[in-house]
file final32.cif (mmCIF, C-alpha atoms and all ligand atoms)
data_final
#
loop_
_atom_site.label_atom_id
_atom_site.label_comp_id
_atom_site.auth_asym_id
_atom_site.auth_seq_id
_atom_site.Cartn_x
_atom_site.Cartn_y
_atom_site.Cartn_z
CA MET A 1 0.00 0.00 0.00
CA PRO A 2 1.40 3.43 -0.85
CA ASN A 3 1.73 5.71 2.13
CA PRO A 4 -1.20 8.17 1.97
CA GLU A 5 1.25 10.86 3.09
CA ASN A 6 3.15 10.49 -0.17
CA ASP A 7 0.12 11.05 -2.24
CA SER A 8 -0.72 14.05 -0.15
CA ALA A 9 2.70 15.73 -0.65
CA TRP A 10 2.17 15.16 -4.36
CA THR A 11 -1.41 16.41 -4.57
CA ARG A 12 -0.66 19.29 -2.20
CA LEU A 13 2.01 20.55 -4.59
CA ILE A 14 -0.28 20.20 -7.60
CA ASP A 15 -2.99 22.08 -5.72
CA ARG A 16 -0.57 24.90 -4.85
CA LEU A 17 0.87 25.15 -8.35
CA GLY A 18 -2.64 25.24 -9.77
CA ARG A 19 -3.40 28.41 -7.81
CA LEU A 20 -0.78 30.38 -9.72
CA PRO A 21 -2.11 32.64 -12.49
CA GLY A 22 -2.22 30.96 -15.90
CA ILE A 23 -1.55 27.47 -14.51
CA GLY A 24 -4.43 25.01 -14.65
CA LYS A 25 -4.57 21.57 -13.06
CA ARG A 26 -3.13 20.03 -16.18
CA SER A 27 -0.11 22.34 -16.32
CA ALA A 28 0.37 21.94 -12.56
CA GLU A 29 0.61 18.18 -12.95
CA ARG A 30 3.02 18.53 -15.85
CA ILE A 31 5.25 20.80 -13.74
CA ALA A 32 5.08 18.36 -10.80
CA PHE A 33 6.13 15.48 -13.08
CA HIS A 34 9.06 17.62 -14.19
CA LEU A 35 10.03 18.55 -10.62
CA ILE A 36 10.03 14.99 -9.31
CA ARG A 37 12.20 13.82 -12.19
CA GLN A 38 14.81 16.57 -12.06
CA PRO A 39 17.67 16.62 -9.51
CA PRO A 40 16.27 17.57 -6.06
CA GLU A 41 18.65 20.55 -5.85
CA GLU A 42 16.82 22.21 -8.73
CA THR A 43 13.49 22.01 -6.94
CA GLN A 44 15.04 23.19 -3.69
CA THR A 45 16.58 26.17 -5.46
CA LEU A 46 13.13 27.17 -6.68
CA ALA A 47 11.75 26.78 -3.14
CA THR A 48 14.58 28.93 -1.82
CA ALA A 49 13.90 31.62 -4.43
CA LEU A 50 10.25 31.68 -3.30
CA ASN A 51 11.20 31.96 0.35
CA ASP A 52 13.80 34.65 -0.41
CA LEU A 53 11.12 36.66 -2.15
CA VAL A 54 8.99 36.89 0.98
CA THR A 55 11.73 36.96 3.61
CA ASP A 56 14.13 39.40 1.91
CA LEU A 57 11.69 41.67 0.17
CA ARG A 58 8.87 43.92 1.25
CA VAL A 59 6.54 45.85 -0.99
CA CYS A 60 7.22 49.51 -0.09
CA SER A 61 3.91 50.82 1.26
CA GLU A 62 4.50 54.18 -0.43
CA CYS A 63 5.60 53.27 -3.96
CA GLY A 64 5.19 49.49 -4.37
CA ASN A 65 8.91 48.96 -5.03
CA LEU A 66 10.54 45.81 -3.64
CA SER A 67 12.92 46.61 -0.83
CA GLU A 68 14.32 45.22 2.40
CA ALA A 69 13.00 48.29 4.20
CA ASP A 70 9.61 49.98 4.25
CA PRO A 71 9.59 52.73 3.04
CA CYS A 72 12.21 51.86 0.44
CA ALA A 73 15.50 53.74 0.12
CA ILE A 74 14.14 55.94 -2.68
CA CYS A 75 10.98 56.97 -0.81
CA ALA A 76 13.06 57.58 2.32
CA ASP A 77 15.60 59.76 0.46
CA THR A 78 14.80 63.37 1.41
CA LYS A 79 16.94 64.70 -1.43
CA ARG A 80 14.61 63.30 -4.13
CA ASP A 81 12.16 65.60 -5.94
CA ARG A 82 8.80 64.85 -4.29
CA THR A 83 6.70 66.62 -6.89
CA THR A 84 7.32 64.07 -9.69
CA VAL A 85 6.42 60.38 -9.65
CA MET A 86 7.34 57.97 -12.44
CA VAL A 87 5.02 54.98 -12.87
CA VAL A 88 6.76 51.76 -13.92
CA GLU A 89 5.54 48.19 -14.29
CA ARG A 90 8.22 46.35 -12.36
CA PRO A 91 10.98 46.85 -9.79
CA SER A 92 13.71 46.08 -12.33
CA ASP A 93 12.56 49.06 -14.42
CA ILE A 94 13.58 51.30 -11.52
CA VAL A 95 17.03 49.74 -11.50
CA ALA A 96 17.45 50.51 -15.22
CA ILE A 97 16.39 54.13 -14.75
CA GLU A 98 18.42 54.69 -11.59
CA GLN A 99 21.53 53.55 -13.44
CA LEU A 100 21.19 56.65 -15.65
CA GLY A 101 21.51 58.86 -12.59
CA SER A 102 19.50 61.61 -14.31
CA TYR A 103 15.99 61.13 -12.90
CA ARG A 104 15.59 62.58 -9.40
CA GLY A 105 11.88 62.14 -8.72
CA LEU A 106 9.99 59.33 -7.00
CA TYR A 107 8.54 56.12 -8.45
CA HIS A 108 5.36 54.12 -8.35
CA VAL A 109 5.55 50.41 -9.21
CA LEU A 110 2.42 48.82 -10.67
CA LEU A 111 3.64 45.25 -10.08
CA GLY A 112 1.80 44.32 -13.24
CA ARG A 113 0.19 45.74 -16.35
CA LEU A 114 -3.15 45.41 -18.05
CA ALA A 115 -3.36 42.29 -20.22
CA PRO A 116 -7.02 41.76 -21.10
CA LEU A 117 -6.22 38.70 -23.25
CA ASP A 118 -4.64 37.04 -20.21
CA GLY A 119 -7.49 38.15 -17.96
CA ILE A 120 -5.36 40.67 -16.06
CA GLY A 121 -7.47 43.66 -15.13
CA PRO A 122 -6.99 46.93 -13.21
CA GLY A 123 -7.53 45.15 -9.87
CA GLU A 124 -4.35 43.17 -10.41
CA MET A 125 -2.16 46.26 -10.50
CA ASN A 126 -1.05 48.58 -7.74
CA THR A 127 -3.34 51.36 -9.03
CA GLU A 128 -5.50 52.54 -6.14
CA PRO A 129 -2.48 53.36 -3.92
CA LEU A 130 -1.14 55.53 -6.76
CA LEU A 131 -4.36 57.55 -6.92
CA GLU A 132 -4.43 57.86 -3.14
CA ARG A 133 -0.83 59.07 -3.19
CA ILE A 134 -1.65 61.81 -5.70
CA ARG A 135 -4.68 62.93 -3.68
CA SER A 136 -2.75 63.23 -0.45
CA SER A 137 0.67 64.55 -1.49
CA SER A 138 2.44 67.36 -3.30
CA ILE A 139 2.91 65.42 -6.56
CA ASP A 140 2.24 67.64 -9.56
CA GLU A 141 3.57 65.47 -12.39
CA VAL A 142 3.04 61.78 -13.10
CA VAL A 143 5.40 60.32 -15.70
CA LEU A 144 3.91 57.18 -17.23
CA ALA A 145 6.86 54.90 -17.97
CA THR A 146 5.03 51.70 -18.87
CA THR A 147 6.77 49.59 -21.49
CA PRO A 148 6.29 50.68 -25.13
CA THR A 149 4.15 47.67 -26.04
CA LEU A 150 0.47 47.19 -26.77
CA GLU A 151 -0.19 46.22 -23.16
CA GLY A 152 2.00 48.96 -21.72
CA ASP A 153 0.21 51.53 -23.89
CA GLY A 154 -3.17 50.19 -22.79
CA THR A 155 -2.06 50.42 -19.18
CA ALA A 156 -0.91 54.03 -19.70
CA LEU A 157 -4.23 55.01 -21.28
CA PHE A 158 -6.17 53.40 -18.44
CA LEU A 159 -4.07 55.26 -15.85
CA MET A 160 -4.38 58.51 -17.80
CA GLU A 161 -8.17 58.35 -17.50
CA GLN A 162 -7.94 57.84 -13.75
CA LEU A 163 -5.27 60.49 -13.21
CA GLU A 164 -6.82 63.23 -15.35
CA ARG A 165 -9.74 63.45 -12.91
CA LEU A 166 -7.30 64.34 -10.15
CA GLY A 167 -6.05 67.39 -12.04
CA VAL A 168 -2.44 66.28 -12.06
CA ARG A 169 -0.11 66.79 -15.02
CA VAL A 170 0.46 63.47 -16.77
CA THR A 171 3.37 62.88 -19.13
CA ARG A 172 4.70 59.77 -20.78
CA LEU A 173 8.12 58.79 -22.02
CA ALA A 174 8.92 60.05 -25.51
CA ARG A 175 8.82 57.41 -28.17
CA GLY A 176 12.53 57.30 -28.36
CA MET A 177 12.16 53.67 -27.37
CA PRO A 178 11.46 51.29 -30.24
CA THR A 179 8.02 49.67 -29.93
CA GLY A 180 8.31 46.14 -28.61
CA SER A 181 11.57 46.79 -26.77
CA ASN A 182 12.14 46.80 -23.02
CA PHE A 183 14.32 48.72 -20.63
CA ALA A 184 17.00 46.08 -20.56
CA SER A 185 17.43 45.95 -24.33
CA VAL A 186 17.78 49.65 -25.21
CA SER A 187 20.94 51.72 -24.83
CA LYS A 188 21.28 54.25 -22.02
CA ALA A 189 21.24 57.07 -24.58
CA VAL A 190 17.88 55.94 -26.00
CA LEU A 191 16.39 55.66 -22.51
CA SER A 192 17.83 59.00 -21.45
CA ASP A 193 16.36 60.71 -24.53
CA ALA A 194 12.98 59.16 -23.85
CA ILE A 195 12.93 60.60 -20.32
CA GLN A 196 14.09 64.05 -21.50
CA GLY A 197 11.53 64.27 -24.27
CA ARG A 198 8.55 63.05 -22.26
CA THR A 199 5.32 64.53 -23.54
CA SER A 200 2.13 65.68 -21.84
CA MET A 201 -0.86 63.39 -22.10
CA ASN A 202 -3.42 65.94 -20.89
CA ALA A 203 -5.39 67.58 -23.69
CA GLY A 204 -4.24 71.18 -24.30
CA GLN A 205 -1.29 71.24 -21.91
CA MET B 206 19.18 53.59 -5.05
CA PRO B 207 17.42 50.24 -4.89
CA ASN B 208 19.47 47.55 -3.27
CA PRO B 209 20.89 45.36 -6.07
CA GLU B 210 20.18 42.39 -3.82
CA ASN B 211 16.45 43.05 -4.10
CA ASP B 212 16.52 43.02 -7.82
CA SER B 213 18.47 39.81 -7.72
CA ALA B 214 15.96 37.98 -5.47
CA TRP B 215 13.31 39.10 -7.91
CA THR B 216 15.12 38.19 -11.12
CA ARG B 217 16.40 34.94 -9.59
CA LEU B 218 12.82 33.84 -8.95
CA ILE B 219 11.73 34.78 -12.46
CA ASP B 220 14.69 32.84 -13.87
CA ARG B 221 13.76 29.76 -11.82
CA LEU B 222 10.07 29.91 -12.68
CA GLY B 223 10.97 30.32 -16.34
CA ARG B 224 12.75 26.95 -16.32
CA LEU B 225 9.53 25.07 -15.55
CA PRO B 226 7.87 23.36 -18.53
CA GLY B 227 5.31 25.51 -20.30
CA ILE B 228 6.32 28.70 -18.44
CA GLY B 229 8.06 31.37 -20.51
CA LYS B 230 9.69 34.54 -19.24
CA ARG B 231 6.42 36.41 -19.61
CA SER B 232 4.40 33.90 -17.56
CA ALA B 233 7.20 33.74 -15.00
CA GLU B 234 7.02 37.48 -14.48
CA ARG B 235 3.24 37.37 -14.21
CA ILE B 236 3.50 34.66 -11.53
CA ALA B 237 6.17 36.65 -9.67
CA PHE B 238 3.91 39.73 -9.67
CA HIS B 239 1.16 37.56 -8.23
CA LEU B 240 3.42 36.06 -5.57
CA ILE B 241 4.76 39.38 -4.29
CA ARG B 242 1.24 40.78 -4.01
CA GLN B 243 -0.38 37.86 -2.21
CA PRO B 244 0.05 37.23 1.55
CA PRO B 245 3.59 35.90 2.22
CA GLU B 246 2.16 32.75 3.85
CA GLU B 247 0.75 31.66 0.49
CA THR B 248 4.14 31.86 -1.18
CA GLN B 249 5.80 30.11 1.75
CA THR B 250 3.25 27.30 1.56
CA LEU B 251 4.18 26.75 -2.07
CA ALA B 252 7.88 26.75 -1.14
CA THR B 253 7.16 24.20 1.60
CA ALA B 254 5.23 22.00 -0.82
CA LEU B 255 8.23 22.05 -3.16
CA ASN B 256 10.64 21.17 -0.37
CA ASP B 257 8.32 18.44 0.91
CA LEU B 258 8.31 16.89 -2.54
CA VAL B 259 12.06 16.38 -2.53
CA THR B 260 12.60 15.71 1.18
CA ASP B 261 9.64 13.39 1.81
CA LEU B 262 9.46 11.59 -1.50
CA ARG B 263 11.81 9.43 -3.51
CA VAL B 264 11.18 8.02 -6.94
CA CYS B 265 11.23 4.23 -6.41
CA SER B 266 14.14 2.98 -8.51
CA GLU B 267 12.18 -0.13 -9.45
CA CYS B 268 8.76 1.19 -10.43
CA GLY B 269 8.93 5.01 -10.46
CA ASN B 270 6.30 5.34 -7.73
CA LEU B 271 6.70 8.13 -5.18
CA SER B 272 7.56 6.77 -1.77
CA GLU B 273 9.49 7.57 1.38
CA ALA B 274 11.49 4.39 0.90
CA ASP B 275 13.35 2.96 -2.07
CA PRO B 276 12.20 0.42 -3.14
CA CYS B 277 8.63 1.47 -2.38
CA ALA B 278 6.32 -0.58 -0.14
CA ILE B 279 4.67 -2.25 -3.14
CA CYS B 280 7.94 -3.31 -4.80
CA ALA B 281 9.22 -4.50 -1.43
CA ASP B 282 6.09 -6.57 -0.72
CA THR B 283 7.08 -10.20 -1.34
CA LYS B 284 3.41 -11.29 -1.40
CA ARG B 285 2.66 -9.36 -4.62
CA ASP B 286 2.45 -11.17 -7.95
CA ARG B 287 5.79 -10.41 -9.64
CA THR B 288 4.76 -11.66 -13.07
CA THR B 289 2.31 -8.81 -13.79
CA VAL B 290 3.13 -5.11 -13.98
CA MET B 291 0.52 -2.39 -14.46
CA VAL B 292 1.71 0.79 -16.18
CA VAL B 293 0.09 4.00 -14.92
CA GLU B 294 0.77 7.66 -15.62
CA ARG B 295 0.93 9.02 -12.09
CA PRO B 296 1.38 7.96 -8.46
CA SER B 297 -2.21 8.87 -7.56
CA ASP B 298 -3.46 6.32 -10.11
CA ILE B 299 -1.86 3.62 -7.94
CA VAL B 300 -3.73 4.91 -4.92
CA ALA B 301 -7.05 4.65 -6.79
CA ILE B 302 -6.33 1.08 -7.90
CA GLU B 303 -4.98 -0.06 -4.53
CA GLN B 304 -8.19 1.09 -2.90
CA LEU B 305 -10.02 -1.61 -4.86
CA GLY B 306 -7.87 -4.25 -3.17
CA SER B 307 -8.30 -6.58 -6.17
CA TYR B 308 -5.09 -6.06 -8.15
CA ARG B 309 -2.13 -7.97 -6.69
CA GLY B 310 0.61 -7.38 -9.27
CA LEU B 311 3.31 -4.70 -9.43
CA TYR B 312 3.19 -1.22 -10.98
CA HIS B 313 5.25 0.98 -13.22
CA VAL B 314 4.73 4.74 -13.03
CA LEU B 315 5.48 6.74 -16.19
CA LEU B 316 5.51 10.08 -14.36
CA GLY B 317 4.08 11.57 -17.52
CA ARG B 318 2.39 10.73 -20.79
CA LEU B 319 2.97 11.56 -24.43
CA ALA B 320 1.56 14.94 -25.37
CA PRO B 321 3.01 15.87 -28.76
CA LEU B 322 1.02 19.13 -28.88
CA ASP B 323 2.70 20.22 -25.65
CA GLY B 324 6.09 19.02 -26.86
CA ILE B 325 6.21 16.11 -24.40
CA GLY B 326 7.97 13.17 -26.02
CA PRO B 327 8.99 9.65 -24.98
CA GLY B 328 12.16 10.97 -23.29
CA GLU B 329 10.02 12.76 -20.72
CA MET B 330 8.43 9.57 -19.44
CA ASN B 331 9.88 6.81 -17.31
CA THR B 332 9.95 4.41 -20.30
CA GLU B 333 13.46 3.00 -20.58
CA PRO B 334 13.45 1.67 -16.98
CA LEU B 335 10.21 -0.19 -17.81
CA LEU B 336 11.79 -1.91 -20.81
CA GLU B 337 14.88 -2.74 -18.77
CA ARG B 338 12.66 -4.20 -16.04
CA ILE B 339 10.90 -6.50 -18.50
CA ARG B 340 14.20 -7.65 -19.99
CA SER B 341 15.70 -8.54 -16.64
CA SER B 342 12.78 -9.95 -14.64
CA SER B 343 10.07 -12.59 -14.61
CA ILE B 344 7.32 -10.26 -15.80
CA ASP B 345 5.09 -11.98 -18.35
CA GLU B 346 2.17 -9.54 -18.58
CA VAL B 347 2.18 -5.76 -18.88
CA VAL B 348 -1.21 -4.12 -18.23
CA LEU B 349 -1.35 -0.69 -19.86
CA ALA B 350 -3.50 1.45 -17.58
CA THR B 351 -2.92 4.86 -19.12
CA THR B 352 -5.88 7.22 -18.87
CA PRO B 353 -8.64 6.68 -21.47
CA THR B 354 -7.93 9.93 -23.32
CA LEU B 355 -6.36 10.77 -26.66
CA GLU B 356 -2.98 11.25 -25.02
CA GLY B 357 -3.28 8.19 -22.81
CA ASP B 358 -4.20 6.09 -25.85
CA GLY B 359 -1.25 7.50 -27.79
CA THR B 360 1.03 6.67 -24.87
CA ALA B 361 -0.33 3.10 -24.74
CA LEU B 362 0.23 2.60 -28.46
CA PHE B 363 3.77 3.93 -28.20
CA LEU B 364 4.53 1.58 -25.29
CA MET B 365 2.88 -1.33 -27.10
CA GLU B 366 5.34 -0.95 -29.99
CA GLN B 367 8.28 -0.99 -27.61
CA LEU B 368 6.98 -3.87 -25.51
CA GLU B 369 5.95 -6.15 -28.36
CA ARG B 370 9.59 -6.52 -29.40
CA LEU B 371 10.36 -7.94 -25.98
CA GLY B 372 7.87 -10.79 -26.47
CA VAL B 373 5.86 -9.95 -23.37
CA ARG B 374 2.07 -10.23 -23.22
CA VAL B 375 0.55 -6.73 -23.29
CA THR B 376 -3.01 -6.01 -22.17
CA ARG B 377 -4.87 -2.79 -21.59
CA LEU B 378 -7.78 -1.89 -19.37
CA ALA B 379 -11.17 -2.70 -20.87
CA ARG B 380 -13.10 0.26 -22.09
CA GLY B 381 -15.40 0.17 -19.17
CA MET B 382 -14.11 3.62 -18.38
CA PRO B 383 -15.83 6.44 -20.26
CA THR B 384 -13.46 8.22 -22.64
CA GLY B 385 -12.29 11.52 -21.18
CA SER B 386 -12.76 10.37 -17.58
CA ASN B 387 -10.04 9.82 -15.01
CA PHE B 388 -9.50 7.41 -12.14
CA ALA B 389 -10.81 9.81 -9.56
CA SER B 390 -14.11 10.44 -11.32
CA VAL B 391 -15.32 6.88 -12.05
CA SER B 392 -16.97 4.57 -9.56
CA LYS B 393 -15.08 1.66 -8.04
CA ALA B 394 -17.33 -0.75 -9.95
CA VAL B 395 -16.45 0.80 -13.30
CA LEU B 396 -12.75 0.69 -12.47
CA SER B 397 -12.97 -2.87 -11.19
CA ASP B 398 -14.73 -4.02 -14.37
CA ALA B 399 -12.10 -2.35 -16.50
CA ILE B 400 -9.32 -4.25 -14.73
CA GLN B 401 -11.18 -7.58 -14.93
CA GLY B 402 -11.96 -7.21 -18.63
CA ARG B 403 -8.52 -6.10 -19.71
CA THR B 404 -7.78 -7.13 -23.31
CA SER B 405 -4.66 -8.27 -25.09
CA MET B 406 -2.97 -5.76 -27.36
CA ASN B 407 -0.70 -8.27 -29.12
CA ALA B 408 -1.96 -9.30 -32.55
CA GLY B 409 -3.38 -12.85 -32.53
CA GLN B 410 -3.21 -13.52 -28.79
ZN ZN C 501 9.12 53.26 -1.95
ZN ZN C 502 8.33 0.62 -6.40
#
call {"tool": "encode", "arguments": {"input": "final32.cif", "output": "structure tokens"}}
result
Amino acid sequence: MPNPENDSAWTRLIDRLGRLPGIGKRSAERIAFHLIRQPPEETQTLATALNDLVTDLRVCSECGNLSEADPCAICADTKRDRTTVMVVERPSDIVAIEQLGSYRGLYHVLLGRLAPLDGIGPGEMNTEPLLERIRSSSIDEVVLATTPTLEGDGTALFLMEQLERLGVRVTRLARGMPTGSNFASVSKAVLSDAIQGRTSMNAGQ
Amino acid sequence: MPNPENDSAWTRLIDRLGRLPGIGKRSAERIAFHLIRQPPEETQTLATALNDLVTDLRVCSECGNLSEADPCAICADTKRDRTTVMVVERPSDIVAIEQLGSYRGLYHVLLGRLAPLDGIGPGEMNTEPLLERIRSSSIDEVVLATTPTLEGDGTALFLMEQLERLGVRVTRLARGMPTGSNFASVSKAVLSDAIQGRTSMNAGQ
């Protein structure tokens, strides 16, 4: 007789994998088959990466950036320009922009982007805290720095509609970035130009 | 400046998720967004389930079943009929069949099944050890108990071709099970009938 405990470690993993977005029961089982057949170290490394995510990183309650501290080092830096906030999709986008050394404002990390075809809606982005931040602070310019893709553009348009009601100036990165590219693939000069030439999204401003 | 360590915990997780079958970089990032936004306990539970898989379970070197011991309790049971081996796709299929209490032979667990549309080929199943087992043991009947689906049938036909060359009698479960069903969804009576009425797959036997 197989030990019922064995079956439960197996089905428990499939259950947990199946809760991840875009992974059905069938994919979960396929992944579990893969995990049990690969060297155990590989699976343990994945487990460690998951644990590191939650033990090492916090979501900054001000900007949504990942950081060991809350607020993050950028939000806590009193020398930053607190009137400008740049909205990015992911923490690594901040790293790319900080490496330029030219942007001195704050950030807001969406931790996602609209992807209607994948069933990802506004509720799955860090949107409401952004609006609340604008309402209750001295921010007068929001720079939309979503990726120059169909989904990034859709996300920017959605945010624009929300932000315009708050009477804040909304700009977006100049299309110096080739459509379909991402922050990691363009040169620093291209990215720097895109920040410099950012354009207003409000009608008539 | 964001701590480079943060970015690395983040990108390390995305890298690891992206190595799983069927998960590209884009899905990996989507899952990571989900994980960082859900309560940390949820992510830790997934990490624990992964660690449990490799610490609690071994793949039995004889049959491929998941077990705390190697060989597993079934392979180690000297009272089982060692001339019959039933080939199943997954460990939980064994649990379903053992609950009947009527099958007394051994098992072989494929830990997978052919799924050409998903790019899953023979190399991703536990096939070669099955052939080796037949060559080097007293097994005279192989019962193919793959699931009664298109992919399960394809897997059975593939195995049949391999097994026939070894001169072993090959049977498969009778079609008492409705096509498209699985072991968990049929009644014990249906499953029992299917085992009783198993048919030979060798031509002219
Ligand atoms: Zn922050
Ligand atoms: Zn075994």
call {"tool": "residues_near_ligand", "arguments": {"input": "final32.cif", "ligand": "ligand ZN 501 (chain C)", "cutoff": "10 Å", "atoms": "only C-alpha atoms and all ligand atoms", "output": "list in words"}}
result
Arg58, Val59, Cys60, Ser61, Glu62, Cys63, Gly64, Asn65, Leu66, Ser67, Ala69, Asp70, Pro71, Cys72, Ala73, Ile74, Cys75, Ala76, Asp77, Leu106, Tyr107, His108 and Val109 of chain A; Pro207 of chain B
call {"tool": "write_last_selection", "arguments": {"input": "final32.cif", "atoms": "C-alpha atoms", "output": "mmCIF file, keeping the file's coordinate frame"}}
result
data_model
loop_
_atom_site.group_PDB
_atom_site.id
_atom_site.type_symbol
_atom_site.label_atom_id
_atom_site.label_comp_id
_atom_site.auth_asym_id
_atom_site.auth_seq_id
_atom_site.Cartn_x
_atom_site.Cartn_y
_atom_site.Cartn_z
ATOM 1 C CA ARG A 58 8.870 43.920 1.250
ATOM 2 C CA VAL A 59 6.540 45.850 -0.990
ATOM 3 C CA CYS A 60 7.220 49.510 -0.090
ATOM 4 C CA SER A 61 3.910 50.820 1.260
ATOM 5 C CA GLU A 62 4.500 54.180 -0.430
ATOM 6 C CA CYS A 63 5.600 53.270 -3.960
ATOM 7 C CA GLY A 64 5.190 49.490 -4.370
ATOM 8 C CA ASN A 65 8.910 48.960 -5.030
ATOM 9 C CA LEU A 66 10.540 45.810 -3.640
ATOM 10 C CA SER A 67 12.920 46.610 -0.830
ATOM 11 C CA ALA A 69 13.000 48.290 4.200
ATOM 12 C CA ASP A 70 9.610 49.980 4.250
ATOM 13 C CA PRO A 71 9.590 52.730 3.040
ATOM 14 C CA CYS A 72 12.210 51.860 0.440
ATOM 15 C CA ALA A 73 15.500 53.740 0.120
ATOM 16 C CA ILE A 74 14.140 55.940 -2.680
ATOM 17 C CA CYS A 75 10.980 56.970 -0.810
ATOM 18 C CA ALA A 76 13.060 57.580 2.320
ATOM 19 C CA ASP A 77 15.600 59.760 0.460
ATOM 20 C CA LEU A 106 9.990 59.330 -7.000
ATOM 21 C CA TYR A 107 8.540 56.120 -8.450
ATOM 22 C CA HIS A 108 5.360 54.120 -8.350
ATOM 23 C CA VAL A 109 5.550 50.410 -9.210
ATOM 24 C CA PRO B 207 17.420 50.240 -4.890
#
call {"tool": "closest_residue", "arguments": {"input": "final32.cif", "among": "A:Ile14, A:Leu35, A:Leu166, A:Ala47", "to": "chain B", "atoms": "only C-alpha atoms"}}
result
A:Ala47
call {"tool": "interface_residues", "arguments": {"input": "final32.cif", "of": "chain B", "to": "chain A", "cutoff": "7 Å", "atoms": "only C-alpha atoms", "output": "JSON, numbers by chain"}}
result
{"B": [206, 207, 211, 212, 214, 215, 217, 218, 221, 225, 226, 236, 238, 245, 248, 249, 251, 252, 254, 255, 256, 257, 258, 259, 262, 271, 272, 278, 279, 297, 300, 303, 316, 317]}
call {"tool": "write_last_selection", "arguments": {"input": "final32.cif", "atoms": "C-alpha atoms", "output": "PDB file, in the frame of the given file"}}
result
ATOM      1  CA  MET B 206      19.180  53.590  -5.050  1.00  0.00           C
ATOM      2  CA  PRO B 207      17.420  50.240  -4.890  1.00  0.00           C
ATOM      3  CA  ASN B 211      16.450  43.050  -4.100  1.00  0.00           C
ATOM      4  CA  ASP B 212      16.520  43.020  -7.820  1.00  0.00           C
ATOM      5  CA  ALA B 214      15.960  37.980  -5.470  1.00  0.00           C
ATOM      6  CA  TRP B 215      13.310  39.100  -7.910  1.00  0.00           C
ATOM      7  CA  ARG B 217      16.400  34.940  -9.590  1.00  0.00           C
ATOM      8  CA  LEU B 218      12.820  33.840  -8.950  1.00  0.00           C
ATOM      9  CA  ARG B 221      13.760  29.760 -11.820  1.00  0.00           C
ATOM     10  CA  LEU B 225       9.530  25.070 -15.550  1.00  0.00           C
ATOM     11  CA  PRO B 226       7.870  23.360 -18.530  1.00  0.00           C
ATOM     12  CA  ILE B 236       3.500  34.660 -11.530  1.00  0.00           C
ATOM     13  CA  PHE B 238       3.910  39.730  -9.670  1.00  0.00           C
ATOM     14  CA  PRO B 245       3.590  35.900   2.220  1.00  0.00           C
ATOM     15  CA  THR B 248       4.140  31.860  -1.180  1.00  0.00           C
ATOM     16  CA  GLN B 249       5.800  30.110   1.750  1.00  0.00           C
ATOM     17  CA  LEU B 251       4.180  26.750  -2.070  1.00  0.00           C
ATOM     18  CA  ALA B 252       7.880  26.750  -1.140  1.00  0.00           C
ATOM     19  CA  ALA B 254       5.230  22.000  -0.820  1.00  0.00           C
ATOM     20  CA  LEU B 255       8.230  22.050  -3.160  1.00  0.00           C
ATOM     21  CA  ASN B 256      10.640  21.170  -0.370  1.00  0.00           C
ATOM     22  CA  ASP B 257       8.320  18.440   0.910  1.00  0.00           C
ATOM     23  CA  LEU B 258       8.310  16.890  -2.540  1.00  0.00           C
ATOM     24  CA  VAL B 259      12.060  16.380  -2.530  1.00  0.00           C
ATOM     25  CA  LEU B 262       9.460  11.590  -1.500  1.00  0.00           C
ATOM     26  CA  LEU B 271       6.700   8.130  -5.180  1.00  0.00           C
ATOM     27  CA  SER B 272       7.560   6.770  -1.770  1.00  0.00           C
ATOM     28  CA  ALA B 278       6.320  -0.580  -0.140  1.00  0.00           C
ATOM     29  CA  ILE B 279       4.670  -2.250  -3.140  1.00  0.00           C
ATOM     30  CA  SER B 297      -2.210   8.870  -7.560  1.00  0.00           C
ATOM     31  CA  VAL B 300      -3.730   4.910  -4.920  1.00  0.00           C
ATOM     32  CA  GLU B 303      -4.980  -0.060  -4.530  1.00  0.00           C
ATOM     33  CA  LEU B 316       5.510  10.080 -14.360  1.00  0.00           C
ATOM     34  CA  GLY B 317       4.080  11.570 -17.520  1.00  0.00           C
TER      35      GLY B 317
END
call {"tool": "closest_residue", "arguments": {"input": "final32.cif", "among": "B:Leu336, B:Met291, B:Asp345, B:Leu378", "to": "Asp398 in chain B", "atoms": "all atoms listed in the file"}}
result
B:Leu378
call {"tool": "closest_residue", "arguments": {"input": "final32.cif", "among": "B:Arg285, B:Arg403, B:Lys393, B:Arg377", "to": "ligand ZN 502 (chain C)", "atoms": "only C-alpha atoms and all ligand atoms"}}
result
B:Arg285
call {"tool": "atom_distance", "arguments": {"input": "final32.cif", "atom1": "CA of Lys284 in chain B", "atom2": "CA of Ala361 in chain B"}}
result
27.7 Å
call {"tool": "residues_around", "arguments": {"input": "final32.cif", "residues": "Ser102 in chain A", "least_positions_apart": "6", "cutoff": "12 Å", "atoms": "all atoms listed in the file", "output": "list of chain:residue names"}}
result
A:Arg80, A:Asp81, A:Ala96, A:Lys188, A:Ala189, A:Leu191, A:Ser192, A:Asp193, A:Ala194, A:Ile195, A:Gln196
call {"tool": "residues_around", "arguments": {"input": "final32.cif", "residues": "range 319-322 of chain B", "least_positions_apart": "3", "cutoff": "9 Å", "atoms": "all atoms listed in the file", "output": "list in words"}}
result
Ile325, Gly326, Pro327, Glu329, Met330, Glu356, Gly357, Gly359, Thr360 and Phe363 of chain B
call {"tool": "atom_distance", "arguments": {"input": "final32.cif", "atom1": "CA of Ala184 in chain A", "atom2": "CA of Thr146 in chain A"}}
result
13.3 Å
call {"tool": "closest_residue", "arguments": {"input": "final32.cif", "among": "B:Leu335, B:Val373, B:Val347, B:Leu362", "to": "ligand ZN 502 (chain C)", "atoms": "only C-alpha atoms and all ligand atoms"}}
result
B:Leu335
